[in-house]
Structures are given as C-alpha cells and as structure tokens.
Amino acid sequence: MRKSLLVVVSMLCLVTSVLAQTHRTVTGKVSDESGSPLPGVTISIPGGKSGTVTDAKGIFSLSVTTETKTLRVSFVGYEEKVLQITSDNLGSIKLIPDTKAISEVVVVGYGTQRRTEVTGSITSVKGATVATLPVQSFEAGLGGRAAGVQITVPNGVVNNPPVFRIRGTNSLSLSAYPLIVIDGVPTFTGDVGSTSAPLNPLSSINPEDIESIDIGKDAAATAIYGSRAANGVVFVTTKKGRPGRPRISYDGWVGISSPNRLPKLLNARQYLEMKNEGLKNAGNANTYVPTLDAKGDTVDTKWMDVVYRKQAVSQSHNVNISGGTEISNYYLSAGYTKQQGILRQNDFIRKNIMLNLNQRLGKALSIGGKLSYSNENSLISGASGSLEGEAFASGGLARLAFLTSPIVAPYNNDGSYNVDDGYIGGGDNVLQTGIYNPKVLLDLDRSNVESNHIQANVYAELKPWEWLTLRTTYGGDYIFMNNDIFENAISGDNAASNGMANSIHSDYKRWIWTNTAQFDKTFNYHSINVLIGGEQQRDQRERYGLQRTNQADSYFNNTEGGWINDYSSDLLRRQNYLLSSFARVNYNYREKYYVSANVRQDQFSAFGENNKKGIFYGFSAGWEITKEQFWADSKLSEVFSGLKLRASHGKVGNLAGLGDYDALSLYRPVPYGGDPAIYYYQSGNPNLGWEVSKKTDVGLAFGLLNNRLTGELGYYYNNIDGLILQVPQAPSAGIPHTNTTSTIPVNVGKMYNKGWEFNVNFAAINKKAFSWNTSFNIAFNKNQITELSGSELTSIPFVTSSLEQTSVNKVGYPAGMIYVVLTKGVDPLTGRRIFVNAAGEDVYFDPAAQDKYKYADGKIASPVGTKDAVAYKNTNPKVLGGFENTFRYKNFELNVLLTYQTGFYVYYGSYAGMKDQRYWNNSIDVLKRWQKPNDITDIPRVVNGDNISNGSSFAIAANVFKGDFLKLRSVGLTYVIPETAVKPLHLTGAKVYVRGNNLAIVTKYPGPDPEVSSNGNNASGQGVDRNTLGNGRTVTVGLNVNF
Amino acid sequence: MMKKLKYILPLLAVIGITACQKDLLSALPTTDIPDTKAFDTPDRIASQAAGLYSVLKHGKFMGGKVLIANEVRGEDYTNERSNNVTLFATWKMVATGESQEVKEIWSQGYKTINSVNVFLAGMNAKGTSVAGKEASDSYIGEAKFIRGLSYFQLLQLYARPYINGAGNQPGLILYWEPHTVAGVYTRARSTVAESYSQIIRDLDSSETLLPKEAATATRANAFSAIALKTRVYLYMGMWDKVITEANKLVPATAPFESDAGYQLESNLRTVFSGKYTGEEAIFTLPNSEATNDFPGTQTQMAYYFNPAPLGGNREYNLRPEGIIGDAFWKATDTRRKLITTASGKNYMNKYISPDPYTDYIQVIRYAEILLNLAEARVRSTNALDPQAIALLNAVHGRSDATTIFTAASFDSPQDLINTILKEKHIELLGEGFRAMELTRLGLTIPTKSSIIPPTTPTTNNYVWPISSDELVYNKGCKDNY
C-alpha cells in the first residue's frame, strides 16, 4: 500500500517535471546498512519536482540540470540523505534506518499518506524508539515522545496498562483510552484478565516487531474511525519484509529493576515508643511489648524487604528474519521475555511469534496477511493493592508492607508461620499488630492469568487500473485466558473459608471485515483520492469459572484438587456488533492547497433501540506556503524550507467502556433458598446514544535550514458536548445496581479540552564523527467540565475502591478534582488537628475527648466528614512533554530522554495510612508528632485508635501534594561495533548498549512516584495514590546483531 | 462493458459490506431476562415473586448488616478488628452518612422497596392476567409484606423512634410507584407516623391477600403479616393493637400452641440449626450452598460473631459486662449453650454454619410474639397480668425450667415489664433486635468501652444519619441533624 502510493507519487513527480536546462544523467546504487540493494528508493532534486525510483538492484539513473548540485535519497523507514553531485556516478549509497519521528509516510485510517499531504494532526514515533525498552507493552514507552500524549505508568506491577491520554481526558464515565489499531484491526485494551495480575492485551505485541506508531489526534486524523475516535487513534504498523537478501537479526537484553523512593518507616523501638505513647494518651492501660526471636534478640522486621524484591531480573530475546523480492516479502519473528516486578512473585512472561507475508499475483492482484500468536503469563501472588478496586484489599501487599508492625516476624521461633486465626500473630501482644502475614500470602497464594492471544488478518487487493484499488481485509483478534487463583487457608481473605481455588476461563473474540475501494486520479495539477468502504465488527465475550473452598488437605492448591465446596463463578456471556460505512476524499492542487473530508456512519448494538445509528465527520485543509510564488520571491524562503498551515474540524464519538446491554432493563436469575427466582437487576436507558465530541485543530508545521530544524505548533479545542454520564440516582429511588450508588448511563454532560502543542527537532550538529540531534515537545492543556446533568446535578463525587471519597467531577472545574476536607495544620497549644467544615469554620478534633469535635472557643461542633469536602486541587497535568537528545561520536551513541508534567496535584492517600494511629506502623514523620504546648508540627498528638486526624476515615487536604516532576526517563549508551570487527564473524552489524530507565526524578512529591493511579484508567479518579506500589528503576544491557 | 465494470466493481465492494447481520444490532442477552419478557409466563412471575425475597435477604440488608448493625450498636459486644468495613464506626457510635454500612443498608433497603413497586406495577399491567387471580393475590400480598418489613427496618435505624414526639419526627422517603429509568428523584421525608401508617397499610393488605395457612416459613403468609404487626404496633406503643393482632395467633393459655400450628420448639438450638422452618419460625430467610444463595463477603452473621475455629472471623466478642454477665441469666439456662468461648473470650454462636455461611435468618419467630404480647398486656393493664406472666414463663421455661415466675416474683408492673424486656434481650441476642429495642423505648444506649460514652436519646448519634448519597442526589431530603 505504502509502496504503491509512493510509486504513484513518484510518477506524479516525473509527469510534472519541467525539462528546460542542460542535462546530465546521474547514476548510483542504493543499499541498506548491511549492503543489500534497496529497490523503490525515491531519488529527487531538493526543492524541485523531478525524480525517480531505484530498480530491483537498487540502481537508479536520473536526468538533472547542470545547475543541480544535490540529490535527495529517501526511502520509507530510512533516514533521508542529501548528496552532493560530485560526479555522474555516485557509486554506492548506504541508507541507515530512520529513527527520527518524522518520516515520509504516515498511516491513516484504511491507508497511508505522505507526510506532506497530511492535513490532520498526526505524530509519528518509530518502532525502534520503544523496541528495546524494559516495558511489557509498547505504549508504556511513549511517554514524552509525542506532544500532547500523556502516559502515566500507574504503579510498579508488571503488565499493567498505563494511563494513556491524548490531549487530555476526553470522557468521564466511559473509557478515555485511545483506540489502538494494529495493522488495520482495532484491538482490545485495558486489563482483560480476571485476577490480581493485570493483563494488558497490547503486551501481546513484541515492541521489537513494531515498524511505526502513528498517533492521530484531531478529527481529520481520526474521524474515519467515527464512533471510536474521540480519544484519539493510535495506528500501529508491524514490520514487513523488504526486498533484498534475507536479513537475520537478534536483539536481547537483560536488566535489573529495584524499588525506588520507598517510604521510611518506624523500626521496632520507634514503633513501641509511638504506639505506647498513643495508648497512654488514649487512657488505655494496654501496652505493646517487643517480641524476641530464637536468639533472644528483639524482633525488628523490615516488611518492605519481605514484600519487595531488592533486585528484580528481566530479560528479553528476539530473533527475526525478513526479506523478499519485488513480488513477495516476508517477516518472521520470535521473541521471549521474562520480566520480574519489584513486588515479589510478580512476573510477566511472553513468548510470541509473528509472520507477515505479502505476495503479488500477476499484475493486478496481491494478497497477504499477518499471523501473530503470543502466550503470556502474568503472575502475582494476590492483590498488590494497586489495581483499580484493590486499594483497600485486606491482603493488598503494598499496604501490608507499610502497615504491618515491625515488632512481629514473618515466622514464629519454631519456624512456622506467625499467624493467629488467619491474621498475623502478635506474640505476647494482646493488641493487634497487623492484618494478614504478607509472607504467607507471597509464599502460598497465586493469582495468575495465562493468555493465548492470536491476532491475524488476510487481505486481497485488486488494482484493475492504476487509478483504482479494491481491497478486502478480514481480521481476527482472539484472546483466550485461563485465570488461576489460589488463596491459602492459613492467613488471608479465605482463611475463614479454609482456603479457596478458582479457575476462570475467559474468551475475548473479535472479527472484523473491511472492504474498501480507493480511486486515485491526477490531472492538470489536480490530485484527487477517494476512499469508500464498509466494515462490520463483532465482539463476543464468554467467561465461566469454578470456585472451590474448604481445602480437603493442605496438599491441594489448585481447583482440580481436593475441596469440599464447589461454586460456579464469574459467569458472563455478551456480544456487540458494529456496522459501518465510510468515505474519504483527499484533494490537492499543485501540492500547495490541500483539502480533505471524511464521513462515517456507525450502527452499534449496545445503544437504545432508536439511537443505534450515528454519523461522524471530519474535514480539513492545508496550505504549503513555501510553494507560493510570493514566498519563494521573499527573503523568508531562504530561512524556511517548509511552512505549512493546516486546520480541521469534525465530530467524533466514543463507545469504549460502555456495557453491551446498558440500554436494557434486565432481570437476573438467582436461587432463593434453592428455588428458582429472578430479580430486577438493571434499569437501562432505552434512549442511550453516542457520546460525541467536536474537535477543532489548527497547526503550523515548519522547516528551517533545509529542514535541519523542523517543528510544529498546534492549537486544539475539543468540545465534548455529548458526554455519556453514569448519572447517579437518589438511593431512595431504589434503582437496582451492583454498586451501593446506583447509576444509569445518560447522554448528558459537557466538557472541553483545549490547548497548545509545540514540538521541534533539530539536527544541531551533523559531522561525520560527531552528531547531535535534539528534540523537544511541550503541550498545554486545559480541561473543564461545563455541564453535568442539567441544573439539578452539578457535582458527582468519585469513590476510590468503593470506600474512600477522593475525587469529584464538578461543573466549572477539571475532571477528577481532588475532593478533600480542608485542614489547617495542628493546633500548637493542644496538638489537635484543625479541620475546616463546610461552613468554613475551624473545627478542632480531639480523639481522646468525649466530645471530639469543638470550635476554638470550646463549643461542641458537629463531626466533620466527607460532607465537608471541597473540590481542592486539579489532577490533570496542565503542561507535559519531553526533551530528547541524541549524541553520536564515532561508534558511540548517547540518548537521553527527560519527561515532565506540571500543574497537577496528587492525593497521597497511603500517607494517611502511614500516620494511622491504630496498630498500623507509621512513617518516620510521625516522630515529629505534637507532644507539648507550643510544639509546631503538622503531626497531631498521637492517640491510639485515632484514624481521623491523619485522613484514614475521610480524605484530608494535609495529604495532598504537588505532583510536578521532571524524570530522567531513559538514558542509553550504544556502541556500534566497527565493521572490521564484525565482518570476520559473518555479521553485517552489531551493537551493544546499556540503558537506564526511570533513573532519577526531580519532584517535591513525598510518595514513591507522582506518576501513579490507584484507579487505573478511570477518568474520574486520577491523581490518587492509595496503597499502590511505586515504580521501580531499571538498568539493562543489550546486544543487537545482524546477519 | 469495460466502462460499466469500472463502476460495478467498486459498488460490489460496498455491497460486500451490506451483506451484514442486521439482527445482531438488536441481539438480546442470553443470561438475563429483558423487562419486556419478565411477565410472559406464570412460572416467570412466580420466579419474580421469589426474587423479591432474594433482594430482601441480601447480606447488606436483612440477610446480614441490618441485624449486625442493631446488634453492635447495642451494649453487648466488643469490636476486635478495628475495621470500618465490619462496622467499627457503628460500634463506636460515630457512624456518619458516608459510612459504608449507613449507605449500603439505606441503598439495599430501597432497592428492595423499588423491586416490590416495579413488581406490583408489572402485575397490574400484565402479570395478574397471566398468573391468574389466586396466585396473583398471593404474590401481591407477599410483595407488600416485604415492602412493609423493609420500611420498618429502615425506620429503626434512620429515624427517631415513635416515642419521640409520637411520630412527628422525620421518617422515611415513601415510594409506591415503580422506578425504572434515570430521573431526578426528589422527595422529602414523611414523618415517622406517616411511615408507620404505610407499613400498617401494607401489612393489613398482606393479611387480607395472603392465605391463612402456615406453609413454609420462607414465604410470607397471613400469619407472618399479623406477627409483624405485633412488632410494629409494639414499636409505636399501641399496646391494644399489639394485643388484637397477637390474639389472632396466640391462644389465651399455656402452652400457647397456636391454632395456625405455631409453637415453641422444645430447645432453642433447634431454631438455629437444621430445623430453621419448624413450628417456631414465622418468617425466615433461607440460605443454601447454591451459588449466590448465601450472603456476600463481610455480611455473614457467623463470620462476624464466631471465633476462627468455628469458621468465623471473630469481628466481635461478647462483653462480660453485657447481658451475658447479668445474674438474671442463670448459668444453667440452656441459652448459654448458644455462647461459645475461644481464647478466653465469649462469642455469640446462634449462627453455626462456616463458609459459605448458610444459616437461615430468623426474622420473626413465635417466642418474640409471645413476649410482644406479654409486654403489651402488662403495659395496657398496668397490672401484674397473669397471661403476661404465663407467656414469660413459656419462653423462659423452655431454657430454664428451674425458674417459674409468679405474681409474687414482681414488685410492680414495671418490674414485670423490665423482666420481660430482659428476657427478650436474652432470648433474641444475636437476632438483630438490641439497638432498636432500646431506641423504641427511648432508653440510653449504654457504654461498651472506655472510649464510647453512653448515648442518650437526645444526642445526634442516637440514630444513624441519612446516607450521604441521598442528601447529595435528593435535594428534598434532610438529614437527622
């Protein structure tokens, strides 16, 4: 597709060339970095219109005027070269693979376009940038590499889908995750597993198999995906074979990750001091006492060391072979990776194989396809506390690591586990010392998911005439998962049920059939391209599980073993169907004026009977100013080598995250005392329709110094004036729901994102021995909710993990504001926490008094609670971006990527727990607690049992911090082994590299990492750090060899 | 021809996609029944009637948390786990509108009520003609019983007792109409008296519609409605009406074996093991080991109150200073066998099934009706009523035959009342009565820990606040303070 377009374009160039001056013929031979000939390479005259392409042997010959001094050599996937014409035969020209963001061709929906023709906002990232990163899925490596693209890796659990936002949060109740289209097939996203080990379906793609990632941001770039385009569309193109001899390549790396910035906690001595002081202050006669180990020493357990790996080891290996001829090509790759998380027992293992085949049959027909299979294992012992909904899991390991008292040990002195009735034992202590014994959970429990993921497609393309391309593509995306859960009978959630095993089989199945016809015609400087097409997509999900409890013998730890009780579990069967037709017109005049329009009609099964159909559109225009005569005549043309203005507007939709039957009212079967029964289970919305937004975009792309410096400035306004909101219903209405707060999806609510983006790339130095490339991007975004449900509902609180109200969506504010009770420090005279109630009054809280809440004058006040919360701080980064520098000196290359986000706050909920005055262990900050009048501190007087002063009962402003950060995201040093050294080994190239990831961070945020999310991708609950596992830092060494 | 082909080919491509499966755009779920088909067959309507009980017996409502809240608000327990999820704040008497249990019980209660309202509307529109009058009357009577019971239980937790101003305090938000779509549901609270009137209306109607036969106790019958009315009138302080209703069930003299077939089991343990639906059970909520037929995590009675060796999580133990320390409760009283000890602590052991916790919930049993009648008789006669003493002896004597009360045992009618109340406290321990038994009489909830002062009837936390969700989304609703 790409190639045929290129050919067409090159021919256009030929047609329009003007032969006037004296001519000579220049010849040469183009090859790749290993010396294999490259056919199809475009040879053109800079600034001019004539050109040619190389033949099958990589040879070209081009007639040029005598005045022509330079030739441009360009080819997809390779860095462009501009050569001085020193003689008629330029000899052998070597192209090196392109790693720059901007290339010739970008992928758009159902086709490709030359970058110069694109009038939408599309940012491209080369596959090589993410290929060897120590990440499980490619999108986790995109942070800082594209303007306006926010990637937040929410925690240190491996294979967790990152929070992925393009130009801000574009949905509140539905998914705000972009649509990911892999080789033309939209794929599943999110966490598709059913265990505590997340399973991101995008991790099935080996990042090393990715050729390019094109990120469509505005309506012009996305509207062809109509109802699914509102969050942006990410086009992933996998590698294809290139004409030439077979190429074999191996890439492998090993790495070590370690936890970073873990909180500092009290040791046993400090714990005893703090807790006994608290007991005394509470008037409680009990005391905590130390326990002794077998040697008679005081137990002082560092639970962080029990829960975290000091050094997690990861490795990845990938081999691929590719090649082809003019009429066929292939790419076959196989990969293996095993990555350990910083949490013990948390691993990710992937084995994958991918084959891309393309074959031309005769002149008009070509066929091909892709087959990709991956087997993934996401392993974890149990809840880490980091996934959405897990924050308050009793067995959440990240929390147990800081909560469990240091005065007790994992084992008793006889070597048995230290447990007491399912909880951690306290030795001689009558008071509680923790929840579960994390060592038992880590040793015995299992919450694994194995996925077999097949992505395949076949196509046939018929080109009966040069101007017409007919194409049919059938694709499938099938994920088969086995979830394997075991919880022991000794300590944990299922100790009371004497152990539990659960096996859940789950299928995600999608097929998609796309038919397109494309017309290309050029006449008299007019170039027109029309695409029409139709598509249908069907999803089916099936899931069933068998849960067994009451272990017959401690020997059994899988579902198939010996158990007393059996239950069905996790039953699910649902489907949806999307039926679409679409069209696009691209037109340009003299490659100077561009217009484009696209339209799509979607019909989707999940919407209400009368609202299943939606029409979406986008239109855009571009103006290549440098092609204007007045410009060429002006001095500016000496400075600018390119200047293009573009603008677009369109209407797009979103349906991701909507339930397949949300429009329906349903009765669910349930036994009543063994008899059949059905109950009113769901109130639907028969009028449910599309979530729609209108996107406007203006951009100015420029090139200076013969395109050594390129960049783009953009402005966008995304008006999401047709949100689907899960509108909460008054509980007394009794609307059925599985949650305590009942909601029904309704088409109400408005929100916008607007902002600026700027990026610049500069080849600052380009000498033979030394080069320096630098690129910088920055994006400013403003998000604001302008309407929820009419005038009645202007504020919808959000509750983290069904327990703690942390956030609010409120009219006039950005999405997901932190929603906390204001605090005014600690009263220096009495050591009481000062809260500010809804009326704005200071309320002093004394946990030890009979009347706990009082005003300053001693009058009794009403208890303070979440009803006094205010929309306190914004969680959406206002500014974000990246700064990348690549230095090359002889055979060394150093790449440094910095990323930053500013203008947002994080609610550090874990810190509330670390100051909790129940049995919980505390942060060393608690040592600064108030002790006597005139102590100035932000830690109140410690009183045993107090879970209010420090924010455990309701979220408080004292635990909210600025999240602004600058991260040394990635540093890589590569050494290209000289040809002279690798030739004798029959290698065509080899390099070794060492790379650091997440090495340093500059932030005032006191928690492990301000890049965090306790609520996963949920758009309403960002910026919450509640009992999650921080991110680790990783150092890898790698080797790449080519045969 | 060639020229035409140029246009035919692309059209063919587009036609290819119109060969689609339009029916898939309106495919119905195969695992749930759409509302449009919910009243299609008599069997399905029968299933719906049974389903109303399933909603009622949810662990967040009558299957667990309503009972647990009433137990731990009382003075009999010590909390062991400091866990707000298992009602630590409620036990400490500091529950707020945002507390999980306050929101959950309110929400699940109203889900039960709306299920009834939706069912009644569906019966009216279609169901009655499909199921036939006789069956329909019975289903409607059951539905109203469930609604009356739900309103009654919510009223005890979220509103001041009737005794406080004869019901002039804010009561519940009352709904009779079905809610099936998104809307702005704004309605103010009725008074406590109006709420009680609605409950009585439902139960009177139930009594009329339901068959007068004591079939299985897991479904309501006319006697269940009558029995519940004795409780409702007792909580309103309408002693005569308690007597009128109770007399429909209870014969005038010992051994008080009801014509309807109700009588006390010889051993109380029988009511709480194996024979859940025996002669003493008037209305009971069944559980079974079938999937989803037992209460969910952290809502099960045996999980809260039993020690670990018995499959519980020992969330709460019995305070030695609570009712188990009362000298009135003799050591030889067989009801003490429903208390178990572990690690030197006492645990309420009426519920005995370990995971998945399939104990039935005894909502109304005959012993309560006898004591309701006894109390009402003394209060209405203001005398040492002989029938009251006989009723007391019937209940007490089953577990402690060595004590036989006579008129001489009591100094005054009040003394007799106090004895009946104490008897009820012991008899119904663990069955979700304690806090509401205190509040209905305007009694102070005693202290239960050095950090929890006694809760007097005038304090804000004497009853729960309204769910914070209700206050946010129903602007017509006012909190209790």
# chains A, B, ... in the order shown; residues from 1 in each chain; ligands from 1

call {"tool": "interface_residues", "arguments": {"of": "chain A", "to": "chain B", "cutoff": "6 Å", "atoms": "only C-alpha atoms", "output": "PyMOL selection string"}}
result
chain A and resi 421+496-497+515+517+534+567+577+605+665-668+671-673+676-679+683+730-732+734+736+740+744

call {"tool": "write_last_selection", "arguments": {"atoms": "N, CA and C atoms", "output": "tab-separated table (two decimals), in the first residue's frame"}}
result
chain	number	residue	atom	x	y	z
A	421	ASP	N	-5.39	-17.09	64.00
A	421	ASP	CA	-6.75	-17.04	63.43
A	421	ASP	C	-6.79	-16.30	62.09
A	496	ALA	N	-10.94	-17.94	56.56
A	496	ALA	CA	-12.20	-18.31	57.20
A	496	ALA	C	-12.95	-19.37	56.40
A	497	SER	N	-12.71	-19.42	55.08
A	497	SER	CA	-13.37	-20.47	54.30
A	497	SER	C	-12.43	-21.65	54.07
A	515	ASN	N	-14.07	-3.69	3.70
A	515	ASN	CA	-13.98	-3.63	2.24
A	515	ASN	C	-13.85	-2.18	1.83
A	517	ALA	N	-12.80	0.66	-1.45
A	517	ALA	CA	-12.43	0.97	-2.83
A	517	ALA	C	-11.78	2.34	-2.82
A	534	GLY	N	-16.78	-0.16	3.69
A	534	GLY	CA	-17.76	-0.66	4.64
A	534	GLY	C	-17.06	-1.63	5.58
A	567	TYR	N	-18.54	-23.93	43.65
A	567	TYR	CA	-19.44	-22.88	43.16
A	567	TYR	C	-19.07	-22.50	41.74
A	577	TYR	N	-22.02	-5.60	18.25
A	577	TYR	CA	-21.88	-5.61	16.79
A	577	TYR	C	-21.85	-4.18	16.30
A	605	SER	N	-24.77	-2.06	18.44
A	605	SER	CA	-25.82	-2.83	19.10
A	605	SER	C	-26.11	-2.37	20.52
A	665	SER	N	-33.31	-2.95	30.35
A	665	SER	CA	-33.69	-3.25	31.73
A	665	SER	C	-33.79	-4.76	31.86
A	666	LEU	N	-33.16	-5.30	32.89
A	666	LEU	CA	-32.96	-6.75	32.95
A	666	LEU	C	-33.32	-7.36	34.30
A	667	TYR	N	-33.74	-8.61	34.22
A	667	TYR	CA	-33.95	-9.43	35.41
A	667	TYR	C	-32.90	-10.53	35.43
A	668	ARG	N	-32.34	-10.75	36.59
A	668	ARG	CA	-31.24	-11.72	36.70
A	668	ARG	C	-31.68	-12.93	37.52
A	671	PRO	N	-30.89	-18.12	42.85
A	671	PRO	CA	-31.73	-19.04	43.63
A	671	PRO	C	-32.22	-18.37	44.91
A	672	TYR	N	-33.43	-18.71	45.33
A	672	TYR	CA	-33.89	-18.26	46.64
A	672	TYR	C	-34.14	-19.49	47.49
A	673	GLY	N	-33.24	-19.75	48.41
A	673	GLY	CA	-33.36	-20.93	49.26
A	673	GLY	C	-33.45	-22.20	48.44
A	676	PRO	N	-36.04	-21.51	42.18
A	676	PRO	CA	-35.72	-20.56	41.11
A	676	PRO	C	-36.31	-19.18	41.40
A	677	ALA	N	-35.57	-18.17	41.06
A	677	ALA	CA	-36.04	-16.80	41.27
A	677	ALA	C	-35.35	-15.91	40.26
A	678	ILE	N	-36.00	-14.82	39.91
A	678	ILE	CA	-35.34	-13.76	39.15
A	678	ILE	C	-35.62	-12.43	39.84
A	679	TYR	N	-34.70	-11.53	39.76
A	679	TYR	CA	-34.93	-10.24	40.43
A	679	TYR	C	-34.55	-9.10	39.50
A	683	SER	N	-31.68	-1.25	35.56
A	683	SER	CA	-32.54	-0.30	34.84
A	683	SER	C	-31.71	0.27	33.70
A	730	ALA	N	-30.81	8.99	43.08
A	730	ALA	CA	-31.02	9.05	44.52
A	730	ALA	C	-31.25	7.63	45.03
A	731	PRO	N	-30.55	7.21	46.07
A	731	PRO	CA	-30.69	5.82	46.53
A	731	PRO	C	-32.15	5.46	46.86
A	732	SER	N	-32.91	6.44	47.36
A	732	SER	CA	-34.28	6.12	47.75
A	732	SER	C	-35.13	5.75	46.55
A	734	GLY	N	-34.33	3.57	44.56
A	734	GLY	CA	-34.24	2.11	44.54
A	734	GLY	C	-33.88	1.51	43.20
A	736	PRO	N	-32.00	-0.48	40.69
A	736	PRO	CA	-31.08	-1.59	41.01
A	736	PRO	C	-29.68	-1.35	40.45
A	740	THR	N	-23.33	0.32	45.56
A	740	THR	CA	-24.20	0.97	46.53
A	740	THR	C	-24.88	2.18	45.91
A	744	ILE	N	-27.23	5.22	36.05
A	744	ILE	CA	-27.76	4.84	34.73
A	744	ILE	C	-27.03	5.72	33.71

call {"tool": "residues_around", "arguments": {"residues": "B:Val192", "least_positions_apart": "5", "cutoff": "8 Å", "atoms": "only C-alpha atoms", "output": "MDAnalysis selection string"}}
result
chainID B and resid 155 159:162 167:172

call {"tool": "select_by_dssp", "arguments": {"residues": "stretch 346-589 of chain A", "states": "strand (DSSP E)", "output": "ChimeraX atom specification"}}
result
/A:347-361,365-379,419-420,423-424,446-465,468-487,500-523,526-551,563-589

call {"tool": "residues_around", "arguments": {"residues": "stretch 701-718 of chain A", "least_positions_apart": "6", "cutoff": "6 Å", "atoms": "only C-alpha atoms", "output": "PyMOL selection string"}}
result
chain A and resi 639-644+694-695+752-763

call {"tool": "select_by_dssp", "arguments": {"residues": "stretch 319-365 of chain B", "states": "helix (DSSP H, G or I)", "output": "PyMOL selection string"}}
result
chain B and resi 323-325+334-338

call {"tool": "write_last_selection", "arguments": {"atoms": "C-alpha atoms", "output": "PDB file, in the first residue's frame"}}
result
ATOM      1  CA  ILE B 323     -26.135  -9.229  79.015  1.00  0.00           C
ATOM      2  CA  ILE B 324     -24.078 -12.397  79.392  1.00  0.00           C
ATOM      3  CA  GLY B 325     -22.787 -11.011  82.697  1.00  0.00           C
ATOM      4  CA  THR B 334     -29.662 -23.641  78.124  1.00  0.00           C
ATOM      5  CA  ARG B 335     -29.479 -20.452  76.061  1.00  0.00           C
ATOM      6  CA  ARG B 336     -25.946 -20.113  77.396  1.00  0.00           C
ATOM      7  CA  LYS B 337     -25.151 -23.076  75.198  1.00  0.00           C
ATOM      8  CA  LEU B 338     -25.588 -20.673  72.301  1.00  0.00           C
TER       9      LEU B 338
END

call {"tool": "atom_distance", "arguments": {"atom1": "atom CA of A:Ile59", "atom2": "atom CA of A:Ser74"}}
result
13.6 Å

call {"tool": "residues_around", "arguments": {"residues": "B:Thr458", "least_positions_apart": "4", "cutoff": "10 Å", "atoms": "only C-alpha atoms", "output": "list in words"}}
result
Arg160, Asn164, Gly442, Thr444, Tyr462 and Val463 of chain B

call {"tool": "write_last_selection", "arguments": {"atoms": "C-alpha atoms", "output": "mmCIF file, in the first residue's frame"}}
result
data_model
loop_
_atom_site.group_PDB
_atom_site.id
_atom_site.type_symbol
_atom_site.label_atom_id
_atom_site.label_comp_id
_atom_site.auth_asym_id
_atom_site.auth_seq_id
_atom_site.Cartn_x
_atom_site.Cartn_y
_atom_site.Cartn_z
ATOM 1 C CA ARG B 160 -36.000 8.849 65.657
ATOM 2 C CA ASN B 164 -40.030 10.833 70.336
ATOM 3 C CA GLY B 442 -36.221 6.000 74.346
ATOM 4 C CA THR B 444 -29.984 5.309 76.673
ATOM 5 C CA TYR B 462 -28.783 8.067 68.925
ATOM 6 C CA VAL B 463 -29.953 7.036 65.457
#

call {"tool": "closest_residue", "arguments": {"among": "B:Leu157, B:Ile417, B:Leu234, B:Ile352", "to": "B:Phe272", "atoms": "only C-alpha atoms"}}
result
B:Ile352
